[in-house]
Structures are given as structure tokens and as C-alpha cells.
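File shown: run_13.txt. Contents: compact mmCIF, C-alpha atoms.
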# COMPACT_ATOMS: atom_id res chain seq x y z
CA MET A 1 85.30 68.81 107.61
CA SER A 2 83.95 69.33 111.14
CA ASN A 3 81.30 71.81 109.95
CA ASP A 4 79.70 69.32 107.59
CA VAL A 5 76.36 67.83 108.54
CA PHE A 6 75.94 64.29 107.29
CA PRO A 7 74.58 62.91 105.08
CA LEU A 8 76.01 65.25 102.43
CA ILE A 9 74.16 63.46 99.63
CA LYS A 10 70.62 62.24 99.29
CA PRO A 11 68.77 60.11 96.73
CA LEU A 12 68.43 61.80 93.36
CA THR A 13 65.69 61.29 90.77
CA ILE A 14 66.66 62.00 87.15
CA GLY A 15 63.91 62.58 84.59
CA GLN A 16 60.19 62.03 84.74
CA GLY A 17 57.70 59.32 83.87
CA PRO A 18 58.12 55.54 83.80
CA ARG A 19 61.76 55.64 82.62
CA GLN A 20 62.99 58.06 85.27
CA VAL A 21 66.14 56.95 87.09
CA ARG A 22 66.66 57.06 90.83
CA LEU A 23 70.16 57.19 92.26
CA GLU A 24 70.11 56.12 95.89
CA HIS A 25 73.60 57.55 96.26
CA PRO A 26 74.73 60.01 93.53
CA VAL A 27 78.38 58.92 93.42
CA ILE A 28 79.03 58.29 89.73
CA LEU A 29 81.86 56.70 87.75
CA ALA A 30 83.02 59.13 85.07
CA PRO A 31 83.31 58.20 81.40
CA LEU A 32 87.02 57.56 80.80
CA SER A 33 88.32 56.71 77.36
CA GLY A 34 90.20 53.43 77.39
CA VAL A 35 89.34 52.82 81.05
CA THR A 36 85.60 52.52 81.69
CA ASP A 37 85.11 49.55 79.43
CA LEU A 38 82.60 46.85 80.31
CA PRO A 39 84.90 44.84 82.64
CA PHE A 40 85.77 47.95 84.67
CA ARG A 41 82.19 49.27 84.79
CA THR A 42 80.95 45.87 85.91
CA LEU A 43 83.58 45.69 88.65
CA VAL A 44 82.85 49.20 89.93
CA LYS A 45 79.14 48.34 89.98
CA GLU A 46 79.88 45.23 92.01
CA HIS A 47 81.63 47.42 94.56
CA GLY A 48 78.69 49.76 94.91
CA ALA A 49 78.78 52.76 92.53
CA GLY A 50 75.65 54.86 92.34
CA MET A 51 75.89 54.86 88.54
CA VAL A 52 78.46 54.06 85.86
CA VAL A 53 78.99 55.77 82.50
CA SER A 54 80.50 54.19 79.40
CA GLU A 55 83.50 55.42 77.52
CA MET A 56 82.70 58.22 75.09
CA ILE A 57 81.22 56.70 71.92
CA ALA A 58 81.17 58.48 68.54
CA SER A 59 77.60 58.84 67.33
CA TRP A 60 78.52 58.16 63.69
CA ALA A 61 80.18 54.88 64.66
CA MET A 62 77.12 53.85 66.63
CA VAL A 63 74.82 54.64 63.70
CA ARG A 64 77.00 52.54 61.39
CA GLU A 65 76.72 49.75 63.97
CA ASN A 66 80.46 49.30 64.15
CA ARG A 67 81.06 46.04 66.01
CA ALA A 68 83.66 47.49 68.38
CA THR A 69 81.41 50.46 69.09
CA LEU A 70 78.44 48.28 69.94
CA ARG A 71 80.69 46.34 72.32
CA MET A 72 81.65 49.62 74.02
CA ALA A 73 77.96 50.43 74.54
CA LYS A 74 77.10 47.12 76.18
CA VAL A 75 75.50 47.73 79.55
CA ALA A 76 76.99 46.35 82.76
CA ALA A 77 74.57 44.04 84.53
CA GLY A 78 73.47 44.37 88.14
CA GLY A 79 73.90 47.18 90.64
CA GLY A 80 72.92 50.75 89.88
CA PRO A 81 71.91 52.22 86.53
CA SER A 82 74.16 52.50 83.48
CA SER A 83 74.58 55.48 81.18
CA VAL A 84 76.02 55.48 77.65
CA GLN A 85 77.91 58.63 76.67
CA LEU A 86 77.71 59.86 73.09
CA ALA A 87 79.76 62.45 71.22
CA GLY A 88 79.09 64.06 67.87
CA CYS A 89 78.25 67.29 66.11
CA GLU A 90 75.21 66.28 64.02
CA PRO A 91 71.82 66.38 65.76
CA GLU A 92 70.28 63.63 63.61
CA ALA A 93 73.19 61.24 64.14
CA MET A 94 73.19 61.89 67.89
CA ALA A 95 69.46 61.20 68.04
CA GLU A 96 69.77 57.93 66.12
CA ALA A 97 72.77 56.83 68.18
CA ALA A 98 70.78 57.49 71.34
CA ARG A 99 67.94 55.31 70.09
CA ILE A 100 70.38 52.48 69.35
CA ALA A 101 72.01 52.79 72.79
CA VAL A 102 68.64 52.65 74.54
CA GLY A 103 67.82 49.57 72.48
CA LEU A 104 71.00 48.00 73.85
CA GLY A 105 69.83 48.62 77.42
CA ALA A 106 71.10 52.08 78.42
CA ASP A 107 69.19 53.55 81.37
CA LEU A 108 70.35 57.04 80.47
CA ILE A 109 72.10 58.83 77.60
CA ASP A 110 74.87 61.28 78.39
CA ILE A 111 76.04 63.88 75.86
CA ASN A 112 79.71 64.85 75.79
CA PHE A 113 80.48 68.57 75.61
CA GLY A 114 83.66 68.15 77.64
CA CYS A 115 86.26 66.08 75.79
CA PRO A 116 89.35 68.29 75.29
CA VAL A 117 91.32 65.94 73.02
CA LYS A 118 92.38 67.61 69.77
CA LYS A 119 91.10 64.78 67.58
CA VAL A 120 87.60 65.24 69.01
CA ALA A 121 87.42 68.95 69.87
CA ILE A 122 89.23 70.22 66.77
CA GLY A 123 89.21 67.40 64.23
CA GLN A 124 85.56 66.41 64.72
CA MET A 125 84.23 69.70 66.14
CA ALA A 126 82.60 67.68 68.92
CA GLY A 127 83.16 67.36 72.66
CA SER A 128 84.22 70.64 74.27
CA SER A 129 84.20 72.40 70.88
CA LEU A 130 80.41 72.52 71.08
CA MET A 131 80.64 74.91 74.01
CA ARG A 132 81.74 77.50 71.44
CA ASP A 133 78.59 77.08 69.32
CA GLU A 134 75.62 77.40 71.62
CA ALA A 135 73.08 77.33 68.78
CA LEU A 136 74.34 73.99 67.47
CA ALA A 137 74.73 72.72 71.03
CA GLY A 138 71.07 73.49 71.68
CA ARG A 139 69.95 71.63 68.55
CA ILE A 140 71.98 68.56 69.49
CA LEU A 141 70.62 68.56 73.03
CA GLU A 142 67.02 68.95 71.91
CA ALA A 143 67.23 66.34 69.13
CA THR A 144 68.75 63.77 71.47
CA ALA A 145 66.32 64.44 74.32
CA ARG A 146 63.35 64.10 71.97
CA ALA A 147 64.63 60.88 70.42
CA VAL A 148 64.44 58.63 73.48
CA ASP A 149 62.19 58.00 76.46
CA VAL A 150 65.04 57.68 78.98
CA PRO A 151 66.67 60.67 80.71
CA VAL A 152 69.31 62.51 78.70
CA THR A 153 72.10 64.22 80.62
CA LEU A 154 74.98 66.52 79.69
CA LYS A 155 78.63 66.57 80.75
CA MET A 156 80.60 69.73 80.04
CA ARG A 157 83.45 71.91 81.23
CA MET A 158 83.43 75.48 82.53
CA GLY A 159 83.94 76.73 78.97
CA TRP A 160 86.45 76.70 76.13
CA ASP A 161 88.87 78.96 78.00
CA HIS A 162 88.82 81.45 80.86
CA ASN A 163 87.59 84.21 78.55
CA ASN A 164 84.54 82.12 77.66
CA LEU A 165 83.14 80.59 80.84
CA ASN A 166 79.68 79.94 79.43
CA ALA A 167 78.69 76.78 81.32
CA PRO A 168 75.93 78.64 83.24
CA ASN A 169 74.34 79.79 79.99
CA LEU A 170 74.66 76.33 78.46
CA ALA A 171 72.97 74.97 81.56
CA ARG A 172 69.95 77.14 80.83
CA ILE A 173 69.97 76.07 77.17
CA ALA A 174 70.21 72.43 78.23
CA GLU A 175 67.29 72.71 80.63
CA ALA A 176 65.12 74.31 77.93
CA ALA A 177 66.11 71.52 75.51
CA GLY A 178 64.91 68.75 77.82
CA ILE A 179 68.17 67.69 79.47
CA GLN A 180 67.59 66.17 82.92
CA MET A 181 70.96 66.45 84.71
CA LEU A 182 74.27 68.27 84.29
CA THR A 183 77.81 67.25 85.18
CA VAL A 184 80.46 69.95 85.19
CA HIS A 185 84.20 69.32 85.16
CA GLY A 186 85.77 72.29 86.90
CA ARG A 187 88.30 73.06 84.18
CA THR A 188 88.21 74.72 80.77
CA ARG A 189 89.02 72.89 77.57
CA GLN A 190 92.31 74.75 77.27
CA GLN A 191 93.38 73.48 80.69
CA PHE A 192 92.95 69.86 79.60
CA TYR A 193 93.76 68.14 82.91
CA GLU A 194 96.31 70.66 84.18
CA GLY A 195 95.93 72.95 87.16
CA THR A 196 93.22 72.50 89.77
CA ALA A 197 89.51 71.92 89.27
CA ASN A 198 87.47 75.00 90.20
CA TRP A 199 84.64 73.63 92.32
CA ASP A 200 83.52 77.16 93.28
CA PHE A 201 82.65 78.01 89.67
CA ILE A 202 80.30 75.04 89.51
CA ALA A 203 78.15 76.85 92.09
CA GLU A 204 77.40 79.40 89.34
CA VAL A 205 76.10 76.61 87.12
CA LYS A 206 74.00 75.29 89.99
CA ALA A 207 72.50 78.74 90.48
CA ALA A 208 71.65 79.06 86.77
CA THR A 209 69.38 76.00 86.57
CA SER A 210 66.87 73.93 88.50
CA LEU A 211 68.44 70.71 87.17
CA PRO A 212 70.50 68.41 89.36
CA VAL A 213 74.20 69.23 89.03
CA ILE A 214 77.11 66.82 89.57
CA VAL A 215 80.60 68.10 90.41
CA ASN A 216 83.59 66.50 88.66
CA GLY A 217 87.35 66.97 88.76
CA ASP A 218 90.14 66.16 91.25
CA ILE A 219 87.97 64.04 93.55
CA THR A 220 90.60 61.59 94.72
CA THR A 221 89.83 61.30 98.46
CA GLU A 222 86.72 61.20 100.59
CA LEU A 223 87.56 64.60 102.08
CA LYS A 224 87.91 66.14 98.62
CA ALA A 225 84.52 64.73 97.68
CA ALA A 226 82.97 66.46 100.69
CA GLU A 227 84.77 69.73 99.95
CA ALA A 228 83.72 69.61 96.29
CA LEU A 229 80.09 69.26 97.35
CA ARG A 230 80.35 72.06 99.91
CA ARG A 231 81.99 74.52 97.52
CA SER A 232 79.86 73.71 94.48
CA GLY A 233 76.49 73.13 96.10
CA ALA A 234 76.17 70.14 93.74
CA ASP A 235 73.82 67.23 94.19
CA GLY A 236 76.43 64.53 93.74
CA VAL A 237 79.99 63.74 92.67
CA MET A 238 81.52 62.11 89.60
CA ILE A 239 84.82 60.32 90.06
CA GLY A 240 87.33 59.64 87.30
CA ARG A 241 91.04 59.24 87.95
CA GLY A 242 90.40 58.60 91.64
CA SER A 243 89.06 55.18 90.67
CA TYR A 244 92.20 54.04 88.83
CA GLY A 245 93.34 50.85 90.53
CA ARG A 246 90.63 51.35 93.18
CA PRO A 247 87.28 50.10 91.88
CA TRP A 248 86.13 50.11 95.52
CA PHE A 249 86.81 53.85 95.93
CA LEU A 250 83.32 54.99 94.97
CA ARG A 251 81.89 52.84 97.76
CA GLN A 252 84.30 54.52 100.20
CA VAL A 253 83.22 57.97 99.03
CA MET A 254 79.57 56.97 99.24
CA HIS A 255 80.05 55.72 102.79
CA TYR A 256 81.86 58.87 103.91
CA LEU A 257 79.35 61.27 102.35
CA THR A 258 76.53 59.33 103.99
CA THR A 259 77.97 58.72 107.45
CA GLY A 260 80.98 60.97 107.93
CA SER A 261 83.22 58.01 108.69
CA CYS A 262 85.90 56.45 106.50
CA LEU A 263 85.44 52.92 105.21
CA PRO A 264 88.72 51.00 105.13
CA ALA A 265 90.02 49.82 101.77
CA PRO A 266 90.02 46.08 101.12
CA SER A 267 92.96 44.21 102.58
CA LEU A 268 95.93 43.67 100.29
CA ALA A 269 94.90 40.03 99.89
CA GLU A 270 91.43 41.16 98.82
CA GLN A 271 92.94 43.70 96.44
CA LYS A 272 95.00 40.97 94.83
CA ASP A 273 91.86 38.88 94.31
CA ILE A 274 90.03 41.89 92.82
CA LEU A 275 92.96 42.54 90.47
CA LEU A 276 93.01 38.93 89.28
CA HIS A 277 89.25 38.92 88.76
CA HIS A 278 89.50 42.18 86.80
CA TYR A 279 92.46 40.97 84.73
CA ARG A 280 90.67 37.77 83.75
CA ALA A 281 87.53 39.73 82.84
CA ILE A 282 89.56 42.01 80.55
CA ARG A 283 91.05 39.02 78.71
CA ALA A 284 87.68 37.29 78.44
CA HIS A 285 86.04 40.43 77.03
CA PHE A 286 88.69 41.57 74.57
CA GLY A 287 90.49 38.32 73.80
CA ASP A 288 93.72 37.05 75.30
CA GLN A 289 96.34 39.06 73.40
CA PRO A 290 94.45 42.40 73.31
CA GLY A 291 93.52 41.79 76.94
CA VAL A 292 97.15 41.35 77.97
CA ARG A 293 98.01 44.70 76.41
CA LEU A 294 94.97 46.52 77.79
CA GLY A 295 95.42 44.99 81.22
CA ARG A 296 98.91 46.39 81.74
CA LYS A 297 97.76 49.86 82.80
CA HIS A 298 95.27 48.42 85.27
CA VAL A 299 97.89 46.16 86.83
CA ALA A 300 100.11 49.23 87.15
CA TRP A 301 97.39 51.27 88.86
CA TYR A 302 96.55 48.52 91.35
CA SER A 303 100.18 48.18 92.37
CA GLN A 304 100.96 51.88 92.83
CA GLY A 305 102.09 52.64 96.35
CA LEU A 306 103.38 49.13 97.01
CA HIS A 307 107.00 48.33 97.80
CA SER A 308 109.10 47.69 94.65
CA SER A 309 106.07 48.24 92.41
CA ALA A 310 108.09 50.07 89.72
CA GLY A 311 110.13 46.95 89.00
CA PHE A 312 106.98 44.83 89.04
CA ARG A 313 105.31 47.07 86.47
CA ALA A 314 108.36 46.95 84.23
CA GLN A 315 108.27 43.15 84.31
CA VAL A 316 104.54 43.05 83.56
CA ASN A 317 105.06 45.23 80.50
CA ARG A 318 107.54 42.72 79.08
CA LEU A 319 105.24 39.71 79.38
CA ASP A 320 102.98 38.67 76.51
CA THR A 321 100.74 35.98 77.99
CA GLY A 322 98.04 36.26 80.59
CA GLU A 323 99.26 33.20 82.44
CA ALA A 324 102.72 34.71 82.86
CA VAL A 325 101.27 37.97 84.15
CA GLU A 326 99.06 36.15 86.66
CA GLY A 327 102.06 34.18 87.88
CA LEU A 328 103.98 37.40 88.40
CA ILE A 329 101.05 38.95 90.27
CA HIS A 330 101.12 36.07 92.76
CA GLN A 331 104.91 36.31 93.02
CA PHE A 332 104.75 40.07 93.72
CA TYR A 333 101.74 40.27 96.03
CA ASP A 334 102.11 37.17 98.20
CA PRO A 335 105.27 38.24 100.10
CA LEU A 336 103.80 41.71 100.69
CA ILE A 337 100.58 40.19 102.01
CA ALA A 338 102.58 37.93 104.33
CA GLN A 339 104.53 40.95 105.64
CA GLY A 340 101.39 43.03 106.23
CA PHE A 341 102.15 45.78 103.71
CA VAL A 342 99.50 48.36 102.79
CA ARG A 343 99.44 50.71 99.83
CA GLN A 344 101.05 54.06 100.52
CA ASP A 345 98.07 56.04 99.22
CA GLU A 346 95.97 54.35 101.91
CA VAL A 347 98.52 55.26 104.59
CA ALA A 348 98.28 58.88 103.44
CA LEU A 349 94.48 58.81 103.50
CA ALA A 350 94.46 57.44 107.02
CA ALA A 351 96.95 60.02 108.30

Here is a file; write its structure as C-alpha cells.
Amino acid sequence: MSNDVFPLIKPLTIGQGPRQVRLEHPVILAPLSGVTDLPFRTLVKEHGAGMVVSEMIASWAMVRENRATLRMAKVAAGGGPSSVQLAGCEPEAMAEAARIAVGLGADLIDINFGCPVKKVAIGQMAGSSLMRDEALAGRILEATARAVDVPVTLKMRMGWDHNNLNAPNLARIAEAAGIQMLTVHGRTRQQFYEGTANWDFIAEVKAATSLPVIVNGDITTELKAAEALRRSGADGVMIGRGSYGRPWFLRQVMHYLTTGSCLPAPSLAEQKDILLHHYRAIRAHFGDQPGVRLGRKHVAWYSQGLHSSAGFRAQVNRLDTGEAVEGLIHQFYDPLIAQGFVRQDEVALAA
């Protein structure tokens, strides 16, 4: 990216008044169902994210004060601000859920118009389905923005399908309703996560509104983050799958977009320590047995790109106690650390 002039990002202020939020570096952890739970959000914050966003939370469950839902909305301490993402199709329920989330410590509320999953988009007529009903979408946005004194933001896709790319119009509706920032995933609902994110289209959303716009989708390297910004004209980036097994990745992106130089990943010994810390936090938060099950995917992501990692992952999936898994982690990582191995994805990034 020799034509880029650094820094490519600058501090971003979201909202107005005493509860406005300032992002020193708008590099944001995306809301990821089953991934961005409190242990992961806390860890990513510790490694320097500009902001973290909770898993998508159903507004009706929040209003009913479901215990598991309230746990999902708990705010990660320290570091940058925390946002709680809500989904639903009833303006009153969304407004009440937003009030509850702010009472639990949320610095921002994010509204989900992007989830493509059938259960949400078809079964509940929420998530990306709301992009097909702009009138209802506007009522939800306005009711939620009026309900709380913190900034309310919106995450959406380009549209339901390529015949209905209405994100620019929804951006105008959102701005009129009091929304303070937009994040756009460069795919339609019908694409789910297939194909390639269209960062160029997001420039049309940016042109349609005076609100800050964040680009999302396929940002898995520092160079892709820079290209996404250049092509979209966005004010910041949101990173989802690129953070799997790399809670430090947002800090690397932040460093590159600020300085133009790449920040090395932690050493393999440091990565092992981060994994163990994360694994213990999962078990402490969810309980030992649920934590063992939930931790398996994270262990798998951390080990991707390492020699003989497929066999290691298969062994982890057969173990049913945290102590046994931790023992296997030591057994797997220690010889690789001694031999000076690095993860293959990091070799590719450095090439």
C-alpha cells in the first residue's frame, strides 16, 4: 500500500453530550455469536482494541431478565468502551432492552440489522430481515435512540439481496432517527458469509450520510484493513473472524493503520500463556464442564497453523476435564516453543 499516507485512522467521537464516546483508534471487535462472550471481550480489550461489542442479544430475553442473557450483556472492564448489541422486531421491547443494558454498564447500544441466520432473519423477523421493512426499521431505530442517553449505533449489510441494496437509504433513515454511527458488512443477507465482501459499495453508504461509517467483512490482515479503508472511505474497521485465535490482532491492525509498520505477533510462548489465561477465564465464567465444551473451538483456533495441530485438536475434543486439556496444551506447545516454530499464518503475513 505504498500510496497510503499514514495514519489511515484518527480518533472518532460517537454521539453528543456528556455520554458521548471517543474512540482513540476505531478498530472494533465485531459481535460474534458464541465467540465474543465476556472472557473473549475482556482479553481483546487487554490487548488493545478500540472498542468491543457483545454477542447479539435478543431484546425480549433482555426484557424478561433471563439470567443467561444478563450474563451475555455484562460489560468487560478496563480498556476502551464496550457496546451491547441488541436484536428484535418490536420498538418498545428494543427500547426497554436498551435501558436495561445501559443500566448494566453499556457505553453504547448497537442495533442488529445484519444477522443472516434463518432463525433470526426468518423465524423472528429480526436482524437482516428488517432491511426489507424500512418503515419498521425506522421505528425501531428511533425508539431505541430515544430510550437511552448513550450513543446508539447500527450494524447492517448491503441489503437483503443484490436486487435490494438499500443500505444507503437505511443510512439516511438511521441518521434521521438519531443513530450515531453505522457499521456495514459488505455482503447481502443472501450471501451469508460466502463470496467476497464488497468494500467499494460501502463508499455509497458513506456518501449517503454524515455519520461515521465502519467497514466490516474479510478484514483478516493489516493490509486488508488498509485496503478496506481506502476503498470504502470509512472512518474505521470492524474485525470479526480475523480475531479467532488472535486476540492480539486488533492491536496489530491498529498499529499498522497508525504507523504503516507491522507489529510482530506475540512469541509462541506468549501465545501459549494467552491461550491458558483465556481457557481458564472461560471455565471460570461458564463453569468447568460448559467451559470445557466452549473452550474447544478457541483452543482449535489458537493452534491453527502449527505443526501437527490437527491431531492436537482431535485429542482436545475427546477430553472432558479442564485439567486434562491444560496438560495437553503444555505437551503440544512446549516442544514447538523449544524448536522455534511459528504459526504458518504469521509466516504468510510476513512474506

Using only C-alpha atoms and a cutoff of 12 Å, can you tell me which residues are near (86.0, 55.7, 90.5) in the file's coordinates, and write them out as a ChimeraX atom specification?
/A:27-32,35-36,40-45,47-53,216-222,225,237-254

Per residue of segment 196-310 of chain A within 10 Å of segment 141-155 of chain A, which atom pair is closest and at what distance in Å (one decimal), using all atoms listed in the file, listed by chain and increasing number, as a Markdown table?
| residue | atom | partner | partner_atom | distance |
| --- | --- | --- | --- | --- |
| A:Leu211 | CA | A:Thr153 | CA | 9.9 |
| A:Pro212 | CA | A:Thr153 | CA | 9.8 |
| A:Val213 | CA | A:Leu154 | CA | 9.8 |
| A:Ile214 | CA | A:Lys155 | CA | 9.0 |
| A:Val215 | CA | A:Lys155 | CA | 10.0 |
| A:Asn216 | CA | A:Lys155 | CA | 9.3 |

I'd like the interatomic distance between atom CA of Lys297 of chain A and atom CA of Arg71 of chain A, to a tenth of an Å.
20.3 Å

Can you list, as a list in words, every protein, DNA or RNA residue that comes within 10 Å of Phe201 of chain A when you count all atoms listed in the file, leaving out same-chain residues fewer than 4 positions away?
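Neighbouring residues, sequence-local ones excluded: Met158, Leu165, Ala167, Pro168, Val184, His185, Gly186, Arg187, Ala197, Val205, Lys206, Arg231 and Ser232 of chain A.
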
Have a look at A:Met62, A:Ala338, A:Gly88, A:Pro81 and name the one nearest to Gly123 of chain A; count all atoms listed in the file.
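With all atoms listed in the file as the atom set, the closest residue is A:Gly88.
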